[in-house]
Each structure stands twice: as C-alpha cells, then as structure tokens.
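Chemist: Below is the file input-v4.cif, which contains mmCIF, C-alpha atoms.
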```cif
data_work
#
loop_
_atom_site.label_atom_id
_atom_site.label_comp_id
_atom_site.auth_asym_id
_atom_site.auth_seq_id
_atom_site.Cartn_x
_atom_site.Cartn_y
_atom_site.Cartn_z
CA MET I 1 -7.28 10.32 -29.38
CA GLU I 2 -8.63 8.34 -26.46
CA ALA I 3 -6.72 7.52 -23.30
CA ARG I 4 -5.87 3.87 -22.80
CA ILE I 5 -5.09 1.91 -19.64
CA VAL I 6 -3.00 -1.26 -19.78
CA THR I 7 -2.54 -3.41 -16.66
CA GLU I 8 0.44 -5.76 -16.66
CA ARG I 9 2.29 -7.91 -14.11
CA ILE I 10 6.00 -8.47 -13.56
CA GLU I 11 6.88 -11.72 -11.78
CA VAL I 12 9.89 -11.49 -9.49
CA ALA I 13 11.63 -14.03 -7.25
CA THR I 14 13.28 -12.31 -4.29
CA ARG I 15 15.57 -13.32 -1.43
CA GLY I 16 13.71 -11.09 1.05
CA GLU I 17 15.45 -9.12 3.87
CA GLY I 18 16.00 -5.99 1.84
CA HIS I 19 16.66 -7.59 -1.54
CA VAL I 20 16.52 -4.78 -4.13
CA VAL I 21 15.34 -5.87 -7.59
CA ASP I 22 15.68 -3.69 -10.69
CA LEU I 23 12.34 -3.52 -12.54
CA THR I 24 13.29 -0.81 -15.05
CA ALA I 25 13.85 -2.99 -18.12
CA GLU I 26 10.60 -4.89 -17.52
CA VAL I 27 8.60 -1.67 -17.10
CA ALA I 28 10.19 -0.24 -20.26
CA LYS I 29 9.35 -3.43 -22.15
CA ARG I 30 5.66 -3.20 -21.16
CA LEU I 31 5.63 0.45 -22.15
CA ALA I 32 7.08 -0.32 -25.59
CA ALA I 33 4.58 -3.16 -26.10
CA SER I 34 1.66 -0.90 -25.15
CA GLY I 35 2.40 1.59 -27.90
CA LEU I 36 1.56 4.43 -25.51
CA LYS I 37 3.56 7.61 -26.04
CA ARG I 38 2.57 10.06 -23.28
CA GLY I 39 1.36 9.27 -19.78
CA SER I 40 2.49 7.53 -16.62
CA ALA I 41 3.48 4.11 -15.31
CA LEU I 42 2.06 3.19 -11.93
CA VAL I 43 4.22 0.53 -10.24
CA PHE I 44 2.42 -1.12 -7.32
CA VAL I 45 3.35 -4.11 -5.18
CA PRO I 46 0.46 -6.09 -3.69
CA GLY I 47 1.43 -7.35 -0.23
CA SER I 48 2.42 -5.76 3.05
CA THR I 49 6.12 -6.64 3.35
CA ALA I 50 7.59 -5.01 0.22
CA GLY I 51 7.82 -1.53 -1.25
CA VAL I 52 8.85 0.30 -4.41
CA THR I 53 11.07 3.33 -5.05
CA THR I 54 13.91 4.45 -7.32
CA ILE I 55 17.64 4.17 -6.66
CA GLU I 56 20.96 4.26 -8.48
CA PHE I 57 21.24 0.51 -8.97
CA GLU I 58 24.87 -0.22 -8.07
CA ALA I 59 26.39 -2.69 -5.61
CA GLY I 60 27.23 -0.23 -2.84
CA LEU I 61 23.72 1.17 -2.54
CA LEU I 62 22.15 -2.30 -2.71
CA HIS I 63 23.85 -2.74 0.67
CA ASP I 64 23.48 0.81 1.99
CA PHE I 65 19.75 1.23 1.40
CA PRO I 66 18.65 -1.91 3.30
CA ALA I 67 21.21 -0.98 6.00
CA LEU I 68 19.27 2.24 6.61
CA PHE I 69 16.23 0.13 7.49
CA ASP I 70 18.33 -2.13 9.74
CA ARG I 71 19.19 1.03 11.67
CA ILE I 72 15.74 2.61 11.94
CA ALA I 73 13.59 -0.53 12.21
CA PRO I 74 15.79 -3.34 13.56
CA ARG I 75 14.85 -6.99 13.44
CA GLY I 76 13.34 -8.31 16.65
CA ALA I 77 12.88 -4.90 18.26
CA GLY I 78 9.96 -6.09 20.38
CA TYR I 79 7.30 -5.93 17.68
CA ARG I 80 3.80 -6.72 18.99
CA HIS I 81 3.01 -8.13 15.57
CA GLU I 82 5.39 -10.98 16.35
CA GLU I 83 3.89 -11.64 19.79
CA ALA I 84 0.58 -12.33 18.09
CA TRP I 85 1.70 -14.01 14.86
CA HIS I 86 5.12 -15.52 15.67
CA ASP I 87 6.28 -15.05 12.08
CA GLY I 88 9.35 -12.98 12.97
CA ASN I 89 8.63 -10.30 10.38
CA GLY I 90 7.45 -7.28 12.34
CA HIS I 91 10.38 -5.31 10.94
CA SER I 92 9.38 -6.34 7.40
CA HIS I 93 5.91 -4.85 7.83
CA VAL I 94 6.90 -1.51 9.31
CA ARG I 95 9.71 -1.05 6.77
CA ALA I 96 7.32 -1.76 3.87
CA SER I 97 4.68 0.64 5.17
CA LEU I 98 7.29 3.37 5.56
CA LEU I 99 8.67 2.98 2.03
CA GLY I 100 5.23 2.59 0.47
CA PRO I 101 3.83 0.24 -2.18
CA SER I 102 3.26 2.70 -5.04
CA LEU I 103 5.44 4.75 -7.38
CA THR I 104 4.41 6.67 -10.49
CA VAL I 105 6.84 7.45 -13.29
CA PRO I 106 5.86 9.78 -16.14
CA PHE I 107 6.72 8.96 -19.75
CA ASP I 108 6.82 11.09 -22.89
CA GLU I 109 7.60 10.22 -26.53
CA GLY I 110 7.39 6.59 -25.37
CA ARG I 111 10.28 6.94 -22.92
CA LEU I 112 10.27 6.80 -19.10
CA LEU I 113 11.41 10.17 -17.73
CA LEU I 114 13.93 8.67 -15.31
CA GLY I 115 17.37 10.10 -14.62
CA THR I 116 20.36 8.36 -16.16
CA TRP I 117 21.39 6.80 -12.84
CA GLN I 118 17.87 6.17 -11.54
CA GLN I 119 16.23 2.75 -11.66
CA VAL I 120 12.76 1.58 -10.62
CA VAL I 121 13.14 -1.05 -7.90
CA LEU I 122 11.18 -3.43 -5.73
CA VAL I 123 12.55 -3.78 -2.19
CA ASP I 124 11.44 -7.00 -0.56
CA PHE I 125 11.59 -6.74 3.23
CA ASP I 126 10.04 -10.10 4.05
CA ALA I 127 11.96 -12.44 6.34
CA ARG I 128 12.09 -15.18 3.70
CA PRO I 129 12.36 -15.59 -0.10
CA ARG I 130 9.16 -14.65 -1.90
CA ARG I 131 7.61 -14.69 -5.32
CA ARG I 132 6.02 -11.33 -6.12
CA GLU I 133 3.66 -10.14 -8.84
CA VAL I 134 4.28 -6.43 -9.25
CA VAL I 135 1.50 -4.55 -11.04
CA VAL I 136 2.52 -2.11 -13.78
CA GLN I 137 -0.39 0.00 -14.96
CA LEU I 138 0.25 2.24 -17.96
CA THR I 139 -2.16 5.13 -18.51
CA GLY I 140 -1.79 7.43 -21.47
CA LEU I 141 -2.24 8.33 -25.10
CA MET G 1 -14.85 15.26 -23.36
CA GLU G 2 -11.51 13.57 -23.84
CA ALA G 3 -8.79 13.25 -21.23
CA ARG G 4 -5.65 15.27 -21.89
CA ILE G 5 -2.10 14.81 -20.63
CA VAL G 6 0.29 17.76 -20.43
CA THR G 7 3.95 17.21 -19.53
CA GLU G 8 5.83 20.24 -18.22
CA ARG G 9 9.18 20.92 -16.51
CA ILE G 10 10.06 23.18 -13.60
CA GLU G 11 13.70 24.28 -13.47
CA VAL G 12 15.09 24.65 -9.98
CA ALA G 13 18.54 25.64 -8.67
CA THR G 14 19.19 24.04 -5.27
CA ARG G 15 21.87 24.25 -2.59
CA GLY G 16 21.73 20.48 -1.96
CA GLU G 17 22.13 18.90 1.54
CA GLY G 18 18.44 18.94 2.37
CA HIS G 19 17.48 22.17 0.62
CA VAL G 20 13.67 22.26 0.50
CA VAL G 21 12.21 24.16 -2.48
CA ASP G 22 8.55 25.17 -2.72
CA LEU G 23 7.13 24.11 -6.11
CA THR G 24 3.47 24.89 -5.38
CA ALA G 25 3.15 28.16 -7.29
CA GLU G 26 4.89 26.70 -10.33
CA VAL G 27 2.67 23.61 -10.33
CA ALA G 28 -0.43 25.81 -9.96
CA LYS G 29 0.75 28.01 -12.83
CA ARG G 30 1.12 24.98 -15.15
CA LEU G 31 -2.31 23.77 -14.09
CA ALA G 32 -3.91 27.14 -14.87
CA ALA G 33 -2.15 27.26 -18.25
CA SER G 34 -3.34 23.74 -19.13
CA GLY G 35 -6.99 24.66 -18.79
CA LEU G 36 -7.62 21.29 -17.13
CA LYS G 37 -10.32 21.30 -14.46
CA ARG G 38 -10.44 17.82 -12.91
CA GLY G 39 -7.59 15.32 -12.58
CA SER G 40 -4.19 14.96 -10.97
CA ALA G 41 -0.73 16.48 -11.04
CA LEU G 42 2.14 14.01 -10.97
CA VAL G 43 5.31 15.64 -9.64
CA PHE G 44 8.42 13.56 -10.38
CA VAL G 45 12.10 14.32 -9.94
CA PRO G 46 14.50 12.57 -12.34
CA GLY G 47 17.71 11.71 -10.51
CA SER G 48 18.66 9.57 -7.54
CA THR G 49 19.64 12.16 -4.90
CA ALA G 50 16.41 14.17 -4.52
CA GLY G 51 12.81 13.48 -3.54
CA VAL G 52 9.39 15.13 -3.43
CA THR G 53 6.75 15.43 -0.72
CA THR G 54 4.52 18.03 0.91
CA ILE G 55 5.26 20.11 4.00
CA GLU G 56 4.10 23.24 5.78
CA PHE G 57 6.63 25.56 4.19
CA GLU G 58 7.87 27.64 7.12
CA ALA G 59 11.40 28.33 8.37
CA GLY G 60 11.33 25.99 11.37
CA LEU G 61 10.40 22.90 9.38
CA LEU G 62 12.87 23.71 6.60
CA HIS G 63 15.44 22.97 9.30
CA ASP G 64 13.60 20.19 11.14
CA PHE G 65 12.78 18.00 8.14
CA PRO G 66 16.37 17.70 6.84
CA ALA G 67 17.50 17.23 10.47
CA LEU G 68 15.37 14.06 10.60
CA PHE G 69 17.45 12.65 7.75
CA ASP G 70 20.70 13.73 9.47
CA ARG G 71 19.57 11.55 12.37
CA ILE G 72 18.44 8.44 10.49
CA ALA G 73 20.94 8.48 7.61
CA PRO G 74 24.03 10.43 8.76
CA ARG G 75 26.69 11.71 6.40
CA GLY G 76 29.75 9.47 6.17
CA ALA G 77 28.17 6.52 8.00
CA GLY G 78 30.38 4.01 6.19
CA TYR G 79 28.44 3.89 2.94
CA ARG G 80 29.77 1.31 0.50
CA HIS G 81 28.60 3.57 -2.32
CA GLU G 82 31.34 6.00 -1.30
CA GLU G 83 34.03 3.32 -1.16
CA ALA G 84 33.37 2.61 -4.82
CA TRP G 85 32.59 6.07 -6.16
CA HIS G 86 34.36 8.47 -3.76
CA ASP G 87 31.69 11.12 -4.32
CA GLY G 88 30.77 11.50 -0.63
CA ASN G 89 27.05 11.28 -1.26
CA GLY G 90 26.00 7.87 0.02
CA HIS G 91 23.68 9.59 2.49
CA SER G 92 22.12 11.59 -0.37
CA HIS G 93 21.18 8.43 -2.24
CA VAL G 94 19.62 6.50 0.64
CA ARG G 95 17.69 9.57 1.84
CA ALA G 96 16.29 10.18 -1.65
CA SER G 97 15.24 6.55 -2.10
CA LEU G 98 13.48 6.61 1.27
CA LEU G 99 11.54 9.80 0.55
CA GLY G 100 10.72 8.78 -3.01
CA PRO G 101 10.75 10.68 -6.33
CA SER G 102 7.00 10.81 -7.06
CA LEU G 103 3.99 12.60 -5.58
CA THR G 104 0.50 12.88 -7.02
CA VAL G 105 -1.86 15.72 -6.08
CA PRO G 106 -5.50 15.69 -7.18
CA PHE G 107 -7.20 18.82 -8.52
CA ASP G 108 -10.84 19.74 -8.99
CA GLU G 109 -12.50 22.84 -10.44
CA GLY G 110 -9.02 23.81 -11.62
CA ARG G 111 -7.61 23.96 -8.08
CA LEU G 112 -5.02 21.71 -6.38
CA LEU G 113 -6.67 19.93 -3.43
CA LEU G 114 -3.89 20.79 -0.98
CA GLY G 115 -4.44 21.83 2.62
CA THR G 116 -4.02 25.48 3.49
CA TRP G 117 -0.66 24.88 5.18
CA GLN G 118 0.56 22.22 2.76
CA GLN G 119 3.05 22.95 -0.01
CA VAL G 120 4.52 20.71 -2.72
CA VAL G 121 8.29 20.58 -2.29
CA LEU G 122 11.45 19.22 -3.82
CA VAL G 123 14.05 18.11 -1.26
CA ASP G 124 17.52 18.01 -2.75
CA PHE G 125 19.79 15.71 -0.75
CA ASP G 126 22.83 15.89 -3.01
CA ALA G 127 26.15 16.87 -1.41
CA ARG G 128 26.53 19.90 -3.71
CA PRO G 129 24.39 22.55 -5.42
CA ARG G 130 22.41 21.19 -8.36
CA ARG G 131 20.17 22.30 -11.17
CA ARG G 132 17.04 20.12 -11.36
CA GLU G 133 14.33 19.69 -13.94
CA VAL G 134 11.25 18.49 -12.07
CA VAL G 135 8.57 16.92 -14.26
CA VAL G 136 4.97 18.01 -13.71
CA GLN G 137 2.52 15.86 -15.64
CA LEU G 138 -1.11 16.97 -15.58
CA THR G 139 -3.74 14.36 -16.48
CA GLY G 140 -7.40 15.27 -16.58
CA LEU G 141 -10.44 16.74 -18.24
CA MET T 1 -14.85 4.38 -24.35
CA GLU T 2 -13.85 7.60 -22.66
CA ALA T 3 -11.86 7.89 -19.46
CA ARG T 4 -13.73 9.25 -16.46
CA ILE T 5 -12.48 10.95 -13.32
CA VAL T 6 -14.50 10.86 -10.12
CA THR T 7 -13.41 12.88 -7.07
CA GLU T 8 -14.80 11.78 -3.71
CA ARG T 9 -14.12 12.52 -0.04
CA ILE T 10 -13.93 10.20 2.96
CA GLU T 11 -14.57 11.88 6.31
CA VAL T 12 -12.56 10.45 9.19
CA ALA T 13 -12.35 11.33 12.88
CA THR T 14 -8.92 10.49 14.29
CA ARG T 15 -7.27 10.45 17.71
CA GLY T 16 -3.99 11.83 16.29
CA GLU T 17 -0.50 10.73 17.56
CA GLY T 18 -0.12 7.89 15.06
CA HIS T 19 -3.73 6.76 14.89
CA VAL T 20 -3.98 4.38 11.91
CA VAL T 21 -7.40 4.35 10.21
CA ASP T 22 -8.44 1.71 7.68
CA LEU T 23 -9.86 3.38 4.54
CA THR T 24 -10.09 0.27 2.36
CA ALA T 25 -13.83 -0.39 2.63
CA GLU T 26 -14.64 3.27 1.95
CA VAL T 27 -12.35 3.37 -1.09
CA ALA T 28 -13.88 0.14 -2.40
CA LYS T 29 -17.36 1.54 -1.88
CA ARG T 30 -16.55 4.65 -3.95
CA LEU T 31 -15.04 2.46 -6.65
CA ALA T 32 -18.16 0.28 -6.82
CA ALA T 33 -20.40 3.36 -6.96
CA SER T 34 -18.33 4.88 -9.79
CA GLY T 35 -18.89 1.93 -12.08
CA LEU T 36 -15.27 2.17 -13.26
CA LYS T 37 -13.64 -1.14 -14.10
CA ARG T 38 -10.00 -0.41 -14.96
CA GLY T 39 -7.79 2.37 -13.64
CA SER T 40 -6.38 3.71 -10.41
CA ALA T 41 -7.49 5.18 -7.10
CA LEU T 42 -5.47 8.15 -5.89
CA VAL T 43 -5.76 8.52 -2.10
CA PHE T 44 -4.57 11.95 -0.92
CA VAL T 45 -4.75 13.61 2.48
CA PRO T 46 -4.90 17.42 2.49
CA GLY T 47 -2.98 18.77 5.49
CA SER T 48 0.61 18.62 6.68
CA THR T 49 0.38 16.37 9.76
CA ALA T 50 -1.00 13.11 8.29
CA GLY T 51 0.04 10.60 5.65
CA VAL T 52 -1.23 7.58 3.74
CA THR T 53 0.23 4.14 3.06
CA THR T 54 -0.76 0.49 3.18
CA ILE T 55 -0.32 -1.94 6.07
CA GLU T 56 -1.59 -5.27 7.33
CA PHE T 57 -4.31 -3.86 9.53
CA GLU T 58 -3.95 -5.86 12.76
CA ALA T 59 -3.55 -4.75 16.37
CA GLY T 60 0.17 -5.46 16.71
CA LEU T 61 1.20 -3.33 13.73
CA LEU T 62 -1.16 -0.51 14.72
CA HIS T 63 1.24 -0.17 17.66
CA ASP T 64 4.49 -1.06 15.90
CA PHE T 65 4.20 1.31 12.95
CA PRO T 66 3.68 4.49 15.01
CA ALA T 67 6.42 3.24 17.35
CA LEU T 68 8.85 3.39 14.43
CA PHE T 69 8.13 7.11 14.15
CA ASP T 70 8.52 7.58 17.91
CA ARG T 71 12.04 6.19 17.46
CA ILE T 72 13.15 8.15 14.40
CA ALA T 73 11.32 11.46 15.01
CA PRO T 74 10.68 11.73 18.78
CA ARG T 75 8.25 14.19 20.30
CA GLY T 76 9.89 17.35 21.63
CA ALA T 77 13.27 16.70 20.00
CA GLY T 78 14.09 20.41 19.83
CA TYR T 79 12.01 21.21 16.74
CA ARG T 80 12.42 24.81 15.55
CA HIS T 81 8.85 24.66 14.30
CA GLU T 82 7.75 24.57 17.93
CA GLU T 83 9.97 27.48 18.96
CA ALA T 84 8.12 29.64 16.46
CA TRP T 85 4.57 28.27 16.70
CA HIS T 86 4.34 26.74 20.19
CA ASP T 87 1.89 24.11 18.99
CA GLY T 88 3.96 21.12 20.14
CA ASN T 89 3.62 19.25 16.85
CA GLY T 90 7.01 19.51 15.19
CA HIS T 91 7.24 15.71 15.25
CA SER T 92 3.82 15.47 13.57
CA HIS T 93 4.98 17.55 10.61
CA VAL T 94 8.27 15.78 9.92
CA ARG T 95 6.65 12.35 10.28
CA ALA T 96 3.89 13.27 7.84
CA SER T 97 6.33 14.67 5.26
CA LEU T 98 8.42 11.51 5.48
CA LEU T 99 5.47 9.15 4.99
CA GLY T 100 3.91 11.29 2.26
CA PRO T 101 0.33 12.37 1.55
CA SER T 102 -0.36 10.39 -1.64
CA LEU T 103 -0.85 6.75 -2.53
CA THR T 104 -2.09 5.28 -5.81
CA VAL T 105 -3.72 1.84 -5.99
CA PRO T 106 -4.52 0.24 -9.35
CA PHE T 107 -7.82 -1.54 -9.97
CA ASP T 108 -8.92 -3.99 -12.64
CA GLU T 109 -12.27 -5.68 -13.28
CA GLY T 110 -13.67 -3.27 -10.70
CA ARG T 111 -11.45 -4.60 -7.90
CA LEU T 112 -8.56 -2.90 -6.06
CA LEU T 113 -5.35 -4.84 -6.73
CA LEU T 114 -4.34 -5.01 -3.06
CA GLY T 115 -2.81 -8.03 -1.39
CA THR T 116 -5.02 -10.08 0.91
CA TRP T 117 -3.35 -8.70 4.05
CA GLN T 118 -2.85 -5.17 2.74
CA GLN T 119 -5.13 -2.29 3.71
CA VAL T 120 -5.16 1.36 2.63
CA VAL T 121 -4.67 3.52 5.72
CA LEU T 122 -4.54 7.09 6.89
CA VAL T 123 -1.95 7.73 9.63
CA ASP T 124 -2.73 10.85 11.60
CA PHE T 125 0.38 12.21 13.32
CA ASP T 126 -1.14 15.39 14.71
CA ALA T 127 -0.76 16.03 18.43
CA ARG T 128 -4.54 16.18 18.96
CA PRO T 129 -7.73 14.57 17.62
CA ARG T 130 -8.66 15.78 14.15
CA ARG T 131 -11.38 15.52 11.57
CA ARG T 132 -9.94 14.73 8.14
CA GLU T 133 -11.37 14.80 4.64
CA VAL T 134 -9.35 12.32 2.61
CA VAL T 135 -9.65 12.75 -1.16
CA VAL T 136 -10.22 9.62 -3.25
CA GLN T 137 -9.91 10.30 -6.95
CA LEU T 138 -10.79 7.44 -9.28
CA THR T 139 -9.48 7.63 -12.85
CA GLY T 140 -10.35 4.95 -15.36
CA LEU T 141 -12.60 3.31 -17.87
#
```
Kindly transcribe the structure held in the file into structure tokens.
Modeler:
Amino acid sequence: MEARIVTERIEVATRGEGHVVDLTAEVAKRLAASGLKRGSALVFVPGSTAGVTTIEFEAGLLHDFPALFDRIAPRGAGYRHEEAWHDGNGHSHVRASLLGPSLTVPFDEGRLLLGTWQQVVLVDFDARPRRREVVVQLTGL
Amino acid sequence: MEARIVTERIEVATRGEGHVVDLTAEVAKRLAASGLKRGSALVFVPGSTAGVTTIEFEAGLLHDFPALFDRIAPRGAGYRHEEAWHDGNGHSHVRASLLGPSLTVPFDEGRLLLGTWQQVVLVDFDARPRRREVVVQLTGL
Amino acid sequence: MEARIVTERIEVATRGEGHVVDLTAEVAKRLAASGLKRGSALVFVPGSTAGVTTIEFEAGLLHDFPALFDRIAPRGAGYRHEEAWHDGNGHSHVRASLLGPSLTVPFDEGRLLLGTWQQVVLVDFDARPRRREVVVQLTGL
C-alpha cells in the first residue's frame, strides 16, 4: 500500500491576546474524510503571532495558560519590535516563537492518539482579532 | 521501496513534578527492531500534564530544567483550573502545554541523528506519580 | 507515486548567546533541489544548546526573542550543571530544551506553507560561537 499525503486547511476566527481555540474535532473530521488509518497529523499555523499545542480544554486553563505568557512576556515590556513597527504586538511575536507553530499527532486505526483530556489547540497571541488558516497535513497509509 | 509506518509504545513509571525520563535507548531499540533505515521518529505523549523534548541527560540539568518551570509557572499561583477541579495541578497543565507533547527526530542509515550529548526525554509535570504510555511512531524506508 | 525521503544538512556558523539565524532560504533551496511537491520539511538541530522555531525575521525581534530567555532563564542563576561541569552554560541548556530541537513545516505545490512574515530559524543559546549542522529532512511525493 502506498503512503498518501493530504493537505487541508481549517479556518478559524480568533479574538487574539491568548485566545485558545479547540481544533480537535476539525482535525478528526479531516482524518475521517481522508480514509487514512495509520500515520500522523501535522498541525501548522502560518503566521508569526500564533502557535499550536495541546491542552485540557476547560475554562480554568483557557485563562491560566495565556496568564503564563502575561507573566513571562508582558505586553509593552520595551520591545524593540514596537519601536520600529509601532504595532504594539512585540509580546505576540515572542510568545508565538516560544510556543512554536507546529505540532504532530500520531494516529492509528483511524483515531488520533490523544489522551482523553487532551485537545489540539491554536493559541492566537496577536493584539487584535484575526482570521487564521491552520494547515492540517495528514501523512499515512 | 515503499514507506512503512510502525507505531509502538514505551511504558514509563514517573515520579511526576518535573521528573525527566530518558527515552533514547527505548526509541533506538524500536528503530532497530523496525528495520527502517531512513525517516523520522515521532515521540508523542498522550495526556495533558507531560511533555517531550531533548536535553543533555546529566544530574545537574535534571534539577535545573524543572527549576526553570518552578520559576515561570509556580505551584499554587492562583490557577483557576484548581478552583474548579481541586486537583492541585494547574501548574502541571500550563507547563506541559508550554513544553509541548510532540518531538520528531530524524534518522538515517538506521541511526537517530541526535547530538552526542542530546537525549530524548519525557518530562512529567503531574503533581503525583504516573504511569505513561509514550507513543513512538517510526515513518520511513 | 512513491514517497521519498531526502536528508540534507545546513552548515551554520553562529555567535551563540541567542544568535538567531534565518534558515528559510536554505530549506527552500533543498526543497527545490529535491523535486518533491507535497509533504513536510523536518528541521532538527543535533546538540543540546540550540533550538529551532519560526519568527518574523527583523532586527527588533532578533533582540526581543533572546531577551525573553534572559528574563526567564538568566545566565548564572545557580545552575547545578555548572557546578559539575564548569562550562558556564547552564542557561544555554535549559533554554534549548524549552524551545525544542525540532520543527516541521508542511509544503504543497513545491512551496513551504509559511506565512509571509514567518521565517524558519535556528536559535543558538550556547555561551560561545559554534558551528552547527542542522538536519533538514524532506518527506513527500
């Protein structure tokens, strides 16, 4: 059997400033539609002010996780990026680069191998609402 | 020659609270058993209170790396997750989401392309000892 | 059509201490040379004192991003690694492990699916100049 690669997009509207968006159902839907049974899902966000990871998607952590970034990379902390560009989103950039734009989740028997309380999420750190096109690339058999 | 995908599990007992476990020998063993020569090893931890990365696995850093998380995401720092769930592991969740659950290591000529002083590790941030099943998915020729 | 896997190296000379090096053109060059059209580029740095991510590659952020690490993992902050090894790079190790050594970027129609202001970068945290061989492994059709 030959390996196949399917490249899909998920469109997301975000509020920015640490808005955490659950992508799990959309990734699972693309996986089901692909017919692939064994392989991995690469989740990648184009852009330099958002990142991807996994989290237990519940209300408390949707506050706590962005709050960690408020602590370690505060808004307006003298970013040189802002001196040059005056867009007020230096914190957005450094937060996104720290979290990273790519995540890879294995699947087997057509099912993502996530934990029960583990969801795939986009975290949008930009200083304003954004529309994002997250790439989901499924590679497998 | 056709690409193959092999999905394996590594069972690990951890002490939690930043316990760093070296997975390198187990990943290498699965790679050798697979017979694959060129490709990549995806290491993924199901669950929302642990992460994976690489580190020089020596006693000093096994203290220093968790200590970094003590500094940036302290225990009991008013996590809303704990107000709702009373499980005392808000710090575990945000640390795990920051580190991330996936790592991909390339291999060539049947050998992981790690540095000499670079090991693949699980970092368990949970507030109690845990048993983990880490997924190792080998994709290659 | 059968999947192919191409493993390449990019040689980089760095200044260390948070030097951010743009790898995008070199990755794109390897992709063009491979003839692959659809798949992913795994960028992996062997070694335990450097990491990879994406960033908007402009002068302000080349200062701001390393400055984030100065804040959360300061030099000389009593690292036990240094007590044992006396190499003065405890901060380099914990920073690198936090950022992570692997990044995966999807490509389609022979083009990396990066945002316009998003570059693939190596961040070298070592306490001295280094020569690095970054692995770029292209998997696709």
Chemist: Which residue is closest to G:Glu11? Choose from G:Glu58, G:Asp70, G:Glu133, G:Glu82 and count all atoms listed in the file.
Modeler: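 Selected residue with least distance to G:Glu11: G:Glu133.
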Chemist: Distance cut-off 10 Å, centre (0.6, -2.5, 12.3) in file coordinates, counting all atoms listed in the file: which residues qualify? Return them as JSON, numbers by chain.
Modeler: {"I": [48, 79, 80, 81, 90, 93, 94, 97], "T": [20, 54, 55, 56, 57, 58, 59, 60, 61, 62, 63, 64, 65, 66, 67]}
Chemist: So what do you get for atom CA of I:Leu103 versus atom CA of G:Pro101, distance-wise?
Modeler: 8.0 Å
Chemist: Just the number, please: distance in Å from atom CA of T:Ala25 to atom CA of G:Pro106, one decimal.
Modeler: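 Calculated distance between atom CA of T:Ala25 and atom CA of G:Pro106 is 20.6 Å.
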Chemist: Could the residues of chain I that have an atom at most 10 Å from chain T be listed as CSV, each with its closest atom pair and the distance in Å to one decimal, counting all atoms listed in the file and ordered by chain and ascending residue number?
Modeler:
```
residue,atom,partner,partner_atom,distance
I:Met1,CA,T:Glu2,CA,9.8
I:Glu2,CA,T:Glu2,CA,6.5
I:Ala3,CA,T:Ala3,CA,6.4
I:Arg4,CA,T:Ala3,CA,7.9
I:Ile5,CA,T:Gly39,CA,6.6
I:Val6,CA,T:Arg38,CA,8.5
I:Thr7,CA,T:Asp108,CA,7.6
I:Leu42,CA,T:Pro106,CA,7.7
I:Val43,CA,T:Pro106,CA,8.8
I:Phe44,CA,T:Val105,CA,6.9
I:Val45,CA,T:Leu114,CA,8.0
I:Pro46,CA,T:Gly115,CA,4.4
I:Gly47,CA,T:Gly115,CA,4.4
I:Ser48,CA,T:Gln118,CA,5.3
I:Thr49,CA,T:Ile55,CA,8.4
I:Gly51,CA,T:Thr54,CA,9.9
I:Arg71,CA,T:Ile72,CA,9.7
I:Ile72,CA,T:Ile72,CA,6.6
I:Ala73,CA,T:Leu68,CA,6.5
I:Pro74,CA,T:Leu68,CA,9.7
I:Ala77,CA,T:Asp64,CA,9.5
I:Gly78,CA,T:Asp64,CA,8.7
I:Tyr79,CA,T:Asp64,CA,5.9
I:Arg80,CA,T:Gly60,CA,4.5
I:His81,CA,T:Gly60,CA,4.1
I:Glu82,CA,T:Gly60,CA,7.6
I:Glu83,CA,T:Gly60,CA,7.8
I:Ala84,CA,T:Gly60,CA,7.0
I:Trp85,CA,T:Gly60,CA,8.9
I:Gly90,CA,T:Leu61,CA,7.5
I:His91,CA,T:Asp64,CA,8.8
I:His93,CA,T:Ile55,CA,7.1
I:Val94,CA,T:Phe65,CA,5.3
I:Arg95,CA,T:Phe65,CA,8.6
I:Ala96,CA,T:Ile55,CA,8.0
I:Ser97,CA,T:Ile55,CA,5.7
I:Leu98,CA,T:Leu99,CA,6.1
I:Leu99,CA,T:Leu99,CA,7.6
I:Gly100,CA,T:Thr53,CA,5.8
I:Pro101,CA,T:Thr54,CA,7.1
I:Ser102,CA,T:Thr104,CA,6.0
I:Leu103,CA,T:Thr104,CA,7.7
I:Thr104,CA,T:Thr104,CA,8.1
I:Val135,CA,T:Pro106,CA,7.9
I:Val136,CA,T:Pro106,CA,8.6
I:Gln137,CA,T:Pro106,CA,7.0
I:Leu138,CA,T:Gly39,CA,9.1
I:Thr139,CA,T:Gly39,CA,7.9
```
Chemist: Can you pull out the residues contacting I:Ala127? Cut-off 12 Å, using all atoms listed in the file, and skip same-chain residues under 2 positions away; I want them as a list in words.
Modeler: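 Listing them by chain and then by number gives Thr14, Arg15, Gly16, Glu17, Gly18, His19, Thr49, Ala50, Arg75, Gly76, His86, Asp87, Gly88, Asn89, Gly90, His91, Ser92, His93, Arg95, Ala96, Asp124, Phe125, Pro129 and Arg130 of chain I.
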Chemist: For atom CA of G:Arg128 and atom CA of G:Val21, determine how far apart the two atoms are, in Å to one decimal place.
Modeler: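 That distance, rounded to one decimal, is 15.0 Å.
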Chemist: Within 8 Å of I:Arg30, counting only C-alpha atoms, which residues qualify if same-chain residues fewer than 4 places away don't, as number ranges by chain?
Modeler: I: 8, 26, 34
Chemist: Name the residues in contact with T:Val12 at a cut-off of 8 Å, using all atoms listed in the file, excluding same-chain residues fewer than 6 positions from it; report them as a PyMOL selection string.
Modeler: chain T and resi 131-134
